[in-house]
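J.: Please find one structure pasted underneath; my questions will follow.
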Amino acid sequence: MSDEEIQTLDRPTGSHRPARQAAADRAAAAATPHATSQPAWLGPVLIVGIVLAALNLRPAITSLGALFEETRTGLGMSGTVAGLITSVPALCFAVFGVTAPRLSRRFGPAAVVCAGMAAVATGLLIRPFTNGAAGFLAASSLSLAGIALTNVLLPVIVKRYFPDRVGTMTGLYSMALAAGTSLAAAATVPLTAALGGSWRTGLLMWASLAVVAVLLWLPITRAARRADRAQAAAAADAGGAVRPDAGPRVVRSRTAWALACYFGLQATGAYITMGWLPQIFRDAGVSASTAGVLLAVTMVMGVPLAFVIPGLAGRMKNQGAIAAVLGVFGLTGYLGLYFAPAAGAWAWALLLGISNCAFPLVITLIGLRAKSPAGVVRLSAFAQSTGYLISIPGPLLIGALYQHSGGWDLPLALMAGLLVPQIALGVLAGRDRTIEDECGMRD
């Protein structure tokens with residue numbers, strides 16, 4: 001064969017190889033979210049935005065708890081209405097959290113988080129100026145709706161923009177959430193006194209933190225939209241199209257159900273602890289002021305551990321051992337409260353604080369048990385909405401048992417008993433598998 005013939009045979013291959021390679025490169029770039037379109041400043045600003053959003057996820061609740069008696073008196077609430085308001089957070093988290101996947105597909109997760117922060121700020125700005133229980137409840141529900149959306153979508157934001165740092169980023173915002181919870185619970189009363197003593201002022205001041213979060217999320221949302229448009233254009237150049245992905249049908253996944261039930265039981269334990277632990281200590285002879293400090297100790301334990309546990313979980317293939325250890329700490333704490341509530345009060349408060357760190361663990365598992373952002377948003381919405389529904393009866397049941405039995409033996413036995421299925425479900429949810437695999441979806 002002559003040199004000319006060889007060159008003729010080689011020419012088509014040589015001329016097509018660059019075109020095929022270029023097409024493959026464009027397709028790969030389009031398949032990687034924001035690989036080339038994400039501005040350099042977005043990552044650091046997004047980290048700050050995530051922290052600010054997490055800081056706003058509980059002050060609307062715990063600031064009201066600190067001033068609840070003053071608020072109830074000022075608005076003339078009946079006991080029934082007051083009880084309704086204490087039950088509203090979990091109900092709103094369940095109801096509004098379900099809408100997050102559809103809103104995320106329509107507007108993008110960053111835009112929905114921004115809107116959620118705006119709802120939080122608006123509700124907190126309105127409710128101190130209401131003159132009746134109905135208006136106060138409506139404004140509180142608006143804030144809680146924003147919190148519900150953000151609850152669901154923060155794991156999605158982490159999975160989408162920090163896929164290689166799910167544990168670290170989940171730990172960061174879990175720590176911020178715990179810090180916001182503790183800060184609002186501890187600082188609301190003294191700050192209210194310093195600002196004149198009005199419960200309206202004490203509730204209003206937390207709106208400023210939400211307004212700051214909205215201002216930061218506005219440029220994040222604009223940058224995310226530009227990145228989405230650039231990704232869509234890259235996909236079109238590659239000959240494909242970006243299709244909205246509804247994600248897997250999570251109700252078919254056993255892991256999703258295990259996560260949802262685990263979330264529900266850990267939330268039940270957390271709400272029972274926050275609502276009843278001071279009373280348990282006071283009935284055992286501990287002073288009211290010390291009982292309040294003991295609750296603060298339990299809550300503050302979540303700040304450092306909320307950062308450590310997700311990072312540890314992210315480095316492990318199977319996180320069931322962490323769920324089991326946290327459950328054992330809780331069992332020990334409840335047994336201590338049963339046999340020696342006053343003598344070992346500080347130890348039991350510490351142990352229950354460690355056990356309540358099942359929350360950052362389950363949030364980390366949501367990010368790890370799904371492969372795609374679409375899967376994470378579906379799993380997050382399902383696990384949190386179902387979990388919060390499961391948690392609603394717990395504190396009410398404990399209160400009824402306490403009232404009818406006249407002591408804490410039966411309620412504490414139930415609280416300890418609930419940790420047994422919680423441990424089992426945590427082990428199941430911690431297995432190294434994804435909901436996409438269980439639902440038979442391909443990558």
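Residue numbering restarts at 1 in every chain; chains get A, B, ... in the order shown in the structure tokens, and ligands count up from 1 in that same order.
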Please identify all polymer residues within 6 Å of range 148-161 of chain A, counting only C-alpha atoms, omitting same-chain residues fewer than 4 positions from it, and present them as a list in words.
T.: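 My list of contacting residues is Phe93, Phe96, Gly97, Ala100, Val113, Gly116, Pro373, Val376, Val377, Ser380 and Ala381 of chain A.
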J.: I need the alpha helix (DSSP H) residues of range 220-312 of chain A per DSSP on the backbone, written as a ChimeraX atom specification.
T.: /A:220-237,254-283,288-300,302-312
J.: Nearest to Thr86 in chain A: which of A:Gly196, A:Gly407, A:Pro219, A:Gly275 is it, counting only C-alpha atoms?
T.: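 Closest to Thr86 in chain A, using only C-alpha atoms: A:Gly275.
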J.: In Å to one decimal, how far is CA of Lys317 in chain A from CA of Asp432 in chain A?
T.: 5.6 Å
J.: With only C-alpha atoms as the counted atoms, please give the residues lying no more than 7 Å from range 412-422 of chain A, apart from itself and same-chain residues fewer than 3 positions off, as a list in words.
T.: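 Counting only C-alpha atoms, the residues come to Tyr262, Leu265, Gly327, Leu331, Tyr334, Tyr338, Trp408, Asp409, Leu425 and Gly426 of chain A.
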J.: Using only C-alpha atoms, tabulate the residues of range 332-399 of chain A lying at most 10 Å from any atom of range 298-307 of chain A, each with its closest atom pair and that distance in Å to one decimal, by chain and increasing residue number, as a tab-separated table.
T.:
residue	atom	partner	partner_atom	distance
A:Trp346	CA	A:Thr298	CA	9.1
A:Ala347	CA	A:Thr298	CA	9.9
A:Trp348	CA	A:Thr298	CA	8.8
A:Ala349	CA	A:Thr298	CA	5.2
A:Leu350	CA	A:Thr298	CA	5.7
A:Leu351	CA	A:Thr298	CA	7.9
A:Leu352	CA	A:Thr298	CA	6.3
A:Gly353	CA	A:Thr298	CA	4.1
A:Ile354	CA	A:Met301	CA	6.3
A:Ser355	CA	A:Gly302	CA	9.1
A:Asn356	CA	A:Gly302	CA	7.2
A:Cys357	CA	A:Gly302	CA	5.8
A:Ala358	CA	A:Ala306	CA	8.9
A:Phe359	CA	A:Ala306	CA	8.2
A:Pro360	CA	A:Ala306	CA	5.6
A:Leu361	CA	A:Ala306	CA	8.0
J.: Of the residues A:Val286, A:Val189, A:Leu410, A:Ala232, which is the one nearest to Ala343 in chain A, using only C-alpha atoms?
T.: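 Of A:Val286, A:Val189, A:Leu410, A:Ala232, the one nearest Ala343 in chain A is A:Val286, counting only C-alpha atoms.
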J.: Between A:Pro89, A:Pro341, A:Pro395, A:Gly336, which residue has the minimum interatomic distance to Gly146 in chain A, considering only C-alpha atoms?
T.: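 Of all the options, A:Pro89 lies closest to Gly146 in chain A.
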J.: Have a look at A:Thr290, A:Ser63, A:Ser87, A:Ser208 and name the one nearest to Gly394 in chain A; count only C-alpha atoms.
T.: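 So, comparing all the options, the nearest one is A:Ser87.
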J.: So, counting only C-alpha atoms, which residue among A:Val88, A:Ala227, A:Ala324, A:Leu397 is closest to Gln38 in chain A?
T.: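 Result for the nearest residue to Gln38 in chain A: A:Ala227.
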J.: Between CA of Thr255 in chain A and CA of Ser385 in chain A, measure the distance and give it in Å to one decimal.
T.: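 Separation between CA of Thr255 in chain A and CA of Ser385 in chain A: 15.5 Å.
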J.: Give the answer as one residue: which of A:Ala313, A:Leu215, A:Ala429, A:Ala40 has the shortest atom-to-atom distance to Gly171 in chain A, using only C-alpha atoms?
T.: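 Of A:Ala313, A:Leu215, A:Ala429, A:Ala40, the one nearest Gly171 in chain A, counting only C-alpha atoms, is A:Ala313.
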J.: Name all residues at most 12 Å from Trp276 in chain A (count only C-alpha atoms; drop same-chain ones fewer than 6 positions away) and give them as a PyMOL selection string.
T.: chain A and resi 268-270+282-283+291-292+294-295+394-400+402+408+411-412+415
